[in-house]
Each structure stands twice: as C-alpha cells, then as structure tokens.
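Asker: After the structure tokens below, expect a handful of questions from me.
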Amino acid sequence: MGMSLYLHPLFTLDLNKVIAVFQNEDDSAVTIRTDDQRKIEVATDSPEGAVELLNEVADQWEAAVGPLLRHGKFVFLPAAIYSIQVEGEEVYIYFRDHSVSFAFPVSEEALEVLAELTRRWQEAIGQRVGG
C-alpha cells in the first residue's frame, strides 16, 4: 500500500499508520493514535474546531484506507481493533497496546452500543453479519 499523507500546518502524518482519531467530551483537541503507540494531540481554538479537524482527518483517512468504524466523536481503523468489550457502563475498544473507552449513564446503553459497534465492525471488515 502506498503512502497517503495528511498535511497539517504543524505536522505531516502517514494515514496508513493511524488506528484511531477522537475528541474527548467537549475538548478543543483531537487525539490521533498510531500503530506504533504514538499519541498526537492537536489543539484547536474551540470544541467546534476540534470536530471540524476530526472530520477532516477522518474523511482523508477513510479515502486512503477504506471503511472506518465511527461512533460519535470516535473513529477507528477496523483492522486494528482486537476486541470491543463492555465493563459496567463503559465500552472499551482494545488495540494491540492500548484501549479507548467511553462511558454511558447505564450499562444497558453500553450493551446496545456494543451490539451496534460489533455489527458495524463486521460490516467494515466484510464479514457477514450473523455468521
């Protein structure tokens, strides 16, 4: 696979190495995780600016590598995911060396999100849903 670069005024990034891009809560920064355990935090002027940056990176990333798994302000490379689990009210997405999590008010909602993410993960990797 050829190199696809994301060009930002402060850095250049090989999109083929990205495994996750997300914005925590209403933070004004975007976090980019790479397959070599790097964590790049990019500050913006506002939470809205972070959403714009997140969408810009995700759109270019998806054009470079194919379907991504999106949930709210979280975007993941399906092939990099090892597992998706629920622990209480939190959903964890595990990669080789780290995880990303998000919490819900009740465990039932977390279980519903687990089912939805699992279905979309199966679709993204081309596995028939239900088998």
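Ordering of the structure tokens sets the chain letters (A, B, ...); residue numbers start at 1 within each chain; ligands are numbered from 1 in the order shown.
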Give the alpha helix (DSSP H) residues of chain A, as assigned by DSSP on the backbone, as a PyMOL selection string.

Answerer: chain A and resi 47-65+107-124

Asker: Which residues are close to Asn55 (chain A), i.e. within 10 Å by only C-alpha atoms, leaving aside same-chain residues fewer than 4 positions away? Reply as a short mmCIF file (atom, residue, chain, number, x, y, z; two decimals) with N, CA, C and O atoms, in the first residue's frame.

Answerer:
data_model
loop_
_atom_site.label_atom_id
_atom_site.label_comp_id
_atom_site.auth_asym_id
_atom_site.auth_seq_id
_atom_site.Cartn_x
_atom_site.Cartn_y
_atom_site.Cartn_z
N VAL A 21 -8.78 8.11 15.78
CA VAL A 21 -8.84 9.57 15.87
C VAL A 21 -10.09 9.89 16.69
O VAL A 21 -11.16 9.34 16.42
N PHE A 22 -9.95 10.74 17.71
CA PHE A 22 -11.12 11.03 18.53
C PHE A 22 -10.99 12.36 19.26
O PHE A 22 -9.91 12.92 19.38
N GLY A 49 -14.03 23.60 16.48
CA GLY A 49 -12.85 23.47 15.62
C GLY A 49 -12.27 22.07 15.68
O GLY A 49 -11.79 21.54 14.68
N ALA A 50 -12.35 21.45 16.87
CA ALA A 50 -11.86 20.07 17.02
C ALA A 50 -12.73 19.12 16.21
O ALA A 50 -12.22 18.19 15.57
N VAL A 51 -14.05 19.33 16.22
CA VAL A 51 -14.95 18.48 15.43
C VAL A 51 -14.63 18.62 13.95
O VAL A 51 -14.57 17.62 13.21
N ASP A 59 -12.13 11.92 7.10
CA ASP A 59 -12.51 11.83 5.69
C ASP A 59 -11.31 11.49 4.81
O ASP A 59 -11.38 10.62 3.94
N GLN A 60 -10.18 12.16 5.05
CA GLN A 60 -8.97 11.86 4.27
C GLN A 60 -8.45 10.47 4.59
O GLN A 60 -7.99 9.75 3.70
N TRP A 61 -8.53 10.08 5.85
CA TRP A 61 -8.08 8.77 6.30
C TRP A 61 -8.91 7.68 5.63
O TRP A 61 -8.38 6.71 5.10
N LYS A 73 -17.79 11.00 18.30
CA LYS A 73 -16.54 11.71 18.05
C LYS A 73 -15.34 10.77 18.10
O LYS A 73 -14.22 11.19 18.41
N PHE A 74 -15.57 9.48 17.79
CA PHE A 74 -14.52 8.46 17.77
C PHE A 74 -14.52 7.80 16.40
O PHE A 74 -15.56 7.44 15.88
N VAL A 75 -13.31 7.62 15.83
CA VAL A 75 -13.17 6.96 14.54
C VAL A 75 -12.03 5.96 14.68
O VAL A 75 -10.95 6.31 15.17
#

Asker: Would you pick out the contacts of Val65 (chain A) at 12 Å or less, using only C-alpha atoms, so that residues sharing its chain but fewer than 6 positions from it are not included, and give the list as a ChimeraX atom specification?

Answerer: /A:1-5,14-19,58-59,76-80,124-125

Asker: Could you tell me how far CA of Gly88 (chain A) lies from CA of Ser107 (chain A), in Å and to one decimal?

Answerer: 5.4 Å

Asker: With only C-alpha atoms counted and 10 Å as the cut-off, give the residues of region 27-73 of chain A in contact with region 7-12 of chain A, each with its shortest interatomic distance in Å and the pair that gives it, as a tab-separated table.

Answerer:
residue	atom	partner	partner_atom	distance
A:Ile40	CA	A:Phe11	CA	9.8
A:Val42	CA	A:Leu10	CA	8.9
A:Leu53	CA	A:His8	CA	9.8
A:Val57	CA	A:Leu7	CA	9.4

Asker: Using only C-alpha atoms, what does the table of region 75-109 of chain A residues within 12 Å of region 23-26 of chain A look like, with each row giving the shortest atom pair and its distance in Å to one decimal, sorted by chain and ascending number, as JSON lines?

Answerer:
{"residue": "A:Val75", "atom": "CA", "partner": "A:Gln23", "partner_atom": "CA", "distance": 9.3}
{"residue": "A:Val100", "atom": "CA", "partner": "A:Asn24", "partner_atom": "CA", "distance": 10.2}
{"residue": "A:Ser101", "atom": "CA", "partner": "A:Asn24", "partner_atom": "CA", "distance": 9.8}
{"residue": "A:Phe102", "atom": "CA", "partner": "A:Asn24", "partner_atom": "CA", "distance": 8.7}
{"residue": "A:Ala103", "atom": "CA", "partner": "A:Glu25", "partner_atom": "CA", "distance": 10.5}

Asker: At what distance in Å, to one decimal, does CA of His98 (chain A) lie from CA of Gln37 (chain A)?

Answerer: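 Atom-to-atom, CA of Gln37 (chain A) and CA of His98 (chain A) are spaced 7.8 Å apart.
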
Asker: What does the structure give for the distance between CA of Glu52 (chain A) and CA of Leu117 (chain A), in Å to one decimal?

Answerer: 22.9 Å

Asker: DSSP on the backbone: which residues in region 5-96 of chain A end up as strand (DSSP E or B)? Give the answer as a ChimeraX atom specification.

Answerer: /A:5-8,11-14,18-22,29-34,39-43,69-71,74-76,83-87,90-94

Asker: Write the residues of the selection above to a file with N, CA, C and O atoms, as a short mmCIF file (atom, residue, chain, number, x, y, z; two decimals), in the first residue's frame.

Answerer:
data_model
loop_
_atom_site.label_atom_id
_atom_site.label_comp_id
_atom_site.auth_asym_id
_atom_site.auth_seq_id
_atom_site.Cartn_x
_atom_site.Cartn_y
_atom_site.Cartn_z
N LEU A 5 -0.51 10.82 2.78
CA LEU A 5 -0.13 11.76 3.82
C LEU A 5 -1.25 12.73 4.13
O LEU A 5 -1.94 13.22 3.24
N TYR A 6 -1.41 13.01 5.43
CA TYR A 6 -2.28 14.09 5.89
C TYR A 6 -1.37 15.26 6.19
O TYR A 6 -0.42 15.14 6.99
N LEU A 7 -1.64 16.39 5.57
CA LEU A 7 -0.80 17.57 5.73
C LEU A 7 -1.51 18.59 6.62
O LEU A 7 -2.58 19.08 6.28
N HIS A 8 -0.89 18.90 7.73
CA HIS A 8 -1.39 19.88 8.69
C HIS A 8 -0.30 20.95 8.82
O HIS A 8 0.87 20.64 8.61
N PHE A 11 2.25 19.43 11.32
CA PHE A 11 2.79 18.08 11.18
C PHE A 11 2.30 17.45 9.87
O PHE A 11 1.34 17.91 9.27
N THR A 12 2.99 16.39 9.48
CA THR A 12 2.57 15.56 8.35
C THR A 12 2.49 14.14 8.88
O THR A 12 3.34 13.71 9.66
N LEU A 13 1.45 13.42 8.49
CA LEU A 13 1.17 12.12 9.07
C LEU A 13 0.84 11.10 7.98
O LEU A 13 0.08 11.40 7.06
N ASP A 14 1.42 9.91 8.07
CA ASP A 14 1.09 8.81 7.16
C ASP A 14 -0.24 8.22 7.62
O ASP A 14 -0.32 7.59 8.67
N VAL A 18 -2.36 5.30 11.04
CA VAL A 18 -3.35 5.75 12.02
C VAL A 18 -4.29 4.60 12.38
O VAL A 18 -4.71 3.84 11.51
N ILE A 19 -4.59 4.46 13.68
CA ILE A 19 -5.56 3.44 14.10
C ILE A 19 -6.77 4.03 14.81
O ILE A 19 -7.80 3.38 14.91
N ALA A 20 -6.66 5.29 15.28
CA ALA A 20 -7.80 5.92 15.96
C ALA A 20 -7.65 7.43 15.93
O ALA A 20 -6.54 7.96 16.02
N VAL A 21 -8.78 8.11 15.78
CA VAL A 21 -8.84 9.57 15.87
C VAL A 21 -10.09 9.89 16.69
O VAL A 21 -11.16 9.34 16.42
N PHE A 22 -9.95 10.74 17.71
CA PHE A 22 -11.12 11.03 18.53
C PHE A 22 -10.99 12.36 19.26
O PHE A 22 -9.91 12.92 19.38
N ALA A 29 -9.34 19.70 21.60
CA ALA A 29 -8.22 18.99 20.97
C ALA A 29 -8.70 17.68 20.37
O ALA A 29 -9.70 17.11 20.81
N VAL A 30 -7.95 17.22 19.38
CA VAL A 30 -8.20 15.93 18.74
C VAL A 30 -7.00 15.05 19.05
O VAL A 30 -5.86 15.51 18.99
N THR A 31 -7.25 13.78 19.37
CA THR A 31 -6.19 12.82 19.62
C THR A 31 -6.09 11.87 18.44
O THR A 31 -7.10 11.34 17.99
N ILE A 32 -4.87 11.67 17.96
CA ILE A 32 -4.61 10.73 16.89
C ILE A 32 -3.69 9.65 17.45
O ILE A 32 -2.62 9.97 17.98
N ARG A 33 -4.11 8.38 17.35
CA ARG A 33 -3.28 7.26 17.80
C ARG A 33 -2.75 6.53 16.58
O ARG A 33 -3.48 6.32 15.62
N THR A 34 -1.48 6.13 16.63
CA THR A 34 -0.88 5.41 15.51
C THR A 34 -0.52 3.98 15.90
O THR A 34 -0.53 3.65 17.09
N LYS A 39 0.90 8.99 20.30
CA LYS A 39 -0.33 9.72 20.60
C LYS A 39 -0.06 11.18 20.25
O LYS A 39 0.79 11.82 20.86
N ILE A 40 -0.78 11.66 19.24
CA ILE A 40 -0.61 13.04 18.80
C ILE A 40 -1.86 13.80 19.23
O ILE A 40 -2.96 13.43 18.85
N GLU A 41 -1.67 14.84 20.03
CA GLU A 41 -2.79 15.67 20.44
C GLU A 41 -2.68 17.00 19.70
O GLU A 41 -1.66 17.68 19.79
N VAL A 42 -3.75 17.34 18.97
CA VAL A 42 -3.75 18.55 18.17
C VAL A 42 -4.77 19.52 18.75
O VAL A 42 -5.97 19.25 18.75
N ALA A 43 -4.28 20.65 19.27
CA ALA A 43 -5.16 21.65 19.86
C ALA A 43 -5.80 22.50 18.76
O ALA A 43 -5.18 22.78 17.74
N LEU A 69 -14.61 2.60 11.29
CA LEU A 69 -15.68 2.41 12.27
C LEU A 69 -15.84 3.72 13.02
O LEU A 69 -14.92 4.17 13.70
N ARG A 70 -17.00 4.35 12.88
CA ARG A 70 -17.26 5.65 13.52
C ARG A 70 -18.33 5.51 14.58
O ARG A 70 -19.31 4.79 14.40
N HIS A 71 -18.11 6.22 15.69
CA HIS A 71 -19.12 6.32 16.74
C HIS A 71 -18.97 7.67 17.40
O HIS A 71 -17.98 7.93 18.10
N PHE A 74 -15.57 9.48 17.79
CA PHE A 74 -14.52 8.46 17.77
C PHE A 74 -14.52 7.80 16.40
O PHE A 74 -15.56 7.44 15.88
N VAL A 75 -13.31 7.62 15.83
CA VAL A 75 -13.17 6.96 14.54
C VAL A 75 -12.03 5.96 14.68
O VAL A 75 -10.95 6.31 15.17
N PHE A 76 -12.27 4.71 14.23
CA PHE A 76 -11.29 3.65 14.40
C PHE A 76 -11.02 2.91 13.10
O PHE A 76 -11.91 2.79 12.26
N SER A 83 -10.54 -6.16 20.16
CA SER A 83 -11.83 -6.54 20.75
C SER A 83 -12.59 -5.29 21.16
O SER A 83 -12.01 -4.21 21.32
N ILE A 84 -13.91 -5.49 21.31
CA ILE A 84 -14.78 -4.45 21.84
C ILE A 84 -15.50 -5.09 23.02
O ILE A 84 -16.08 -6.17 22.87
N GLN A 85 -15.43 -4.45 24.18
CA GLN A 85 -15.99 -5.04 25.39
C GLN A 85 -16.77 -4.01 26.19
O GLN A 85 -16.52 -2.82 26.09
N VAL A 86 -17.67 -4.53 27.02
CA VAL A 86 -18.38 -3.69 27.97
C VAL A 86 -17.95 -4.10 29.37
O VAL A 86 -17.88 -5.29 29.69
N GLU A 87 -17.64 -3.10 30.19
CA GLU A 87 -17.36 -3.31 31.61
C GLU A 87 -18.22 -2.30 32.36
O GLU A 87 -17.92 -1.11 32.35
N GLU A 90 -19.14 1.23 30.76
CA GLU A 90 -18.15 1.68 29.79
C GLU A 90 -17.95 0.68 28.66
O GLU A 90 -17.96 -0.53 28.88
N VAL A 91 -17.77 1.23 27.46
CA VAL A 91 -17.42 0.42 26.29
C VAL A 91 -15.94 0.66 26.03
O VAL A 91 -15.49 1.81 25.98
N TYR A 92 -15.18 -0.42 25.90
CA TYR A 92 -13.75 -0.35 25.63
C TYR A 92 -13.48 -0.91 24.24
O TYR A 92 -14.00 -1.97 23.90
N ILE A 93 -12.66 -0.20 23.49
CA ILE A 93 -12.18 -0.70 22.21
C ILE A 93 -10.69 -0.93 22.41
O ILE A 93 -9.94 0.01 22.69
N TYR A 94 -10.30 -2.20 22.31
CA TYR A 94 -8.91 -2.59 22.56
C TYR A 94 -8.13 -2.74 21.27
O TYR A 94 -8.60 -3.36 20.31
#

Asker: Can you tell me, as JSON, numbers by chain, what residues are no more than 10 Å from Asp97 (chain A) when counting only C-alpha atoms, ignoring any on the same chain fewer than 6 positions away?

Answerer: {"A": [35, 36, 37, 82]}

Asker: Can you write out the residues you just picked, keeping N, CA and C atoms, as a PDB file, in the first residue's frame?

Answerer:
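The resulting file, selection.pdb, is reproduced below:
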ATOM      1  N   ASP A  35      -0.208   3.170  14.895  1.00  0.00           N
ATOM      2  CA  ASP A  35       0.059   1.759  15.158  1.00  0.00           C
ATOM      3  C   ASP A  35       1.378   1.517  15.886  1.00  0.00           C
ATOM      4  N   ASP A  36       2.192   2.536  16.083  1.00  0.00           N
ATOM      5  CA  ASP A  36       3.439   2.383  16.840  1.00  0.00           C
ATOM      6  C   ASP A  36       3.328   3.027  18.224  1.00  0.00           C
ATOM      7  N   GLN A  37       2.106   3.127  18.719  1.00  0.00           N
ATOM      8  CA  GLN A  37       1.786   3.613  20.060  1.00  0.00           C
ATOM      9  C   GLN A  37       1.969   5.113  20.245  1.00  0.00           C
ATOM     10  N   TYR A  82      -8.691  -5.197  18.303  1.00  0.00           N
ATOM     11  CA  TYR A  82      -8.558  -6.556  18.816  1.00  0.00           C
ATOM     12  C   TYR A  82      -9.864  -7.038  19.432  1.00  0.00           C
TER      13      TYR A  82
END
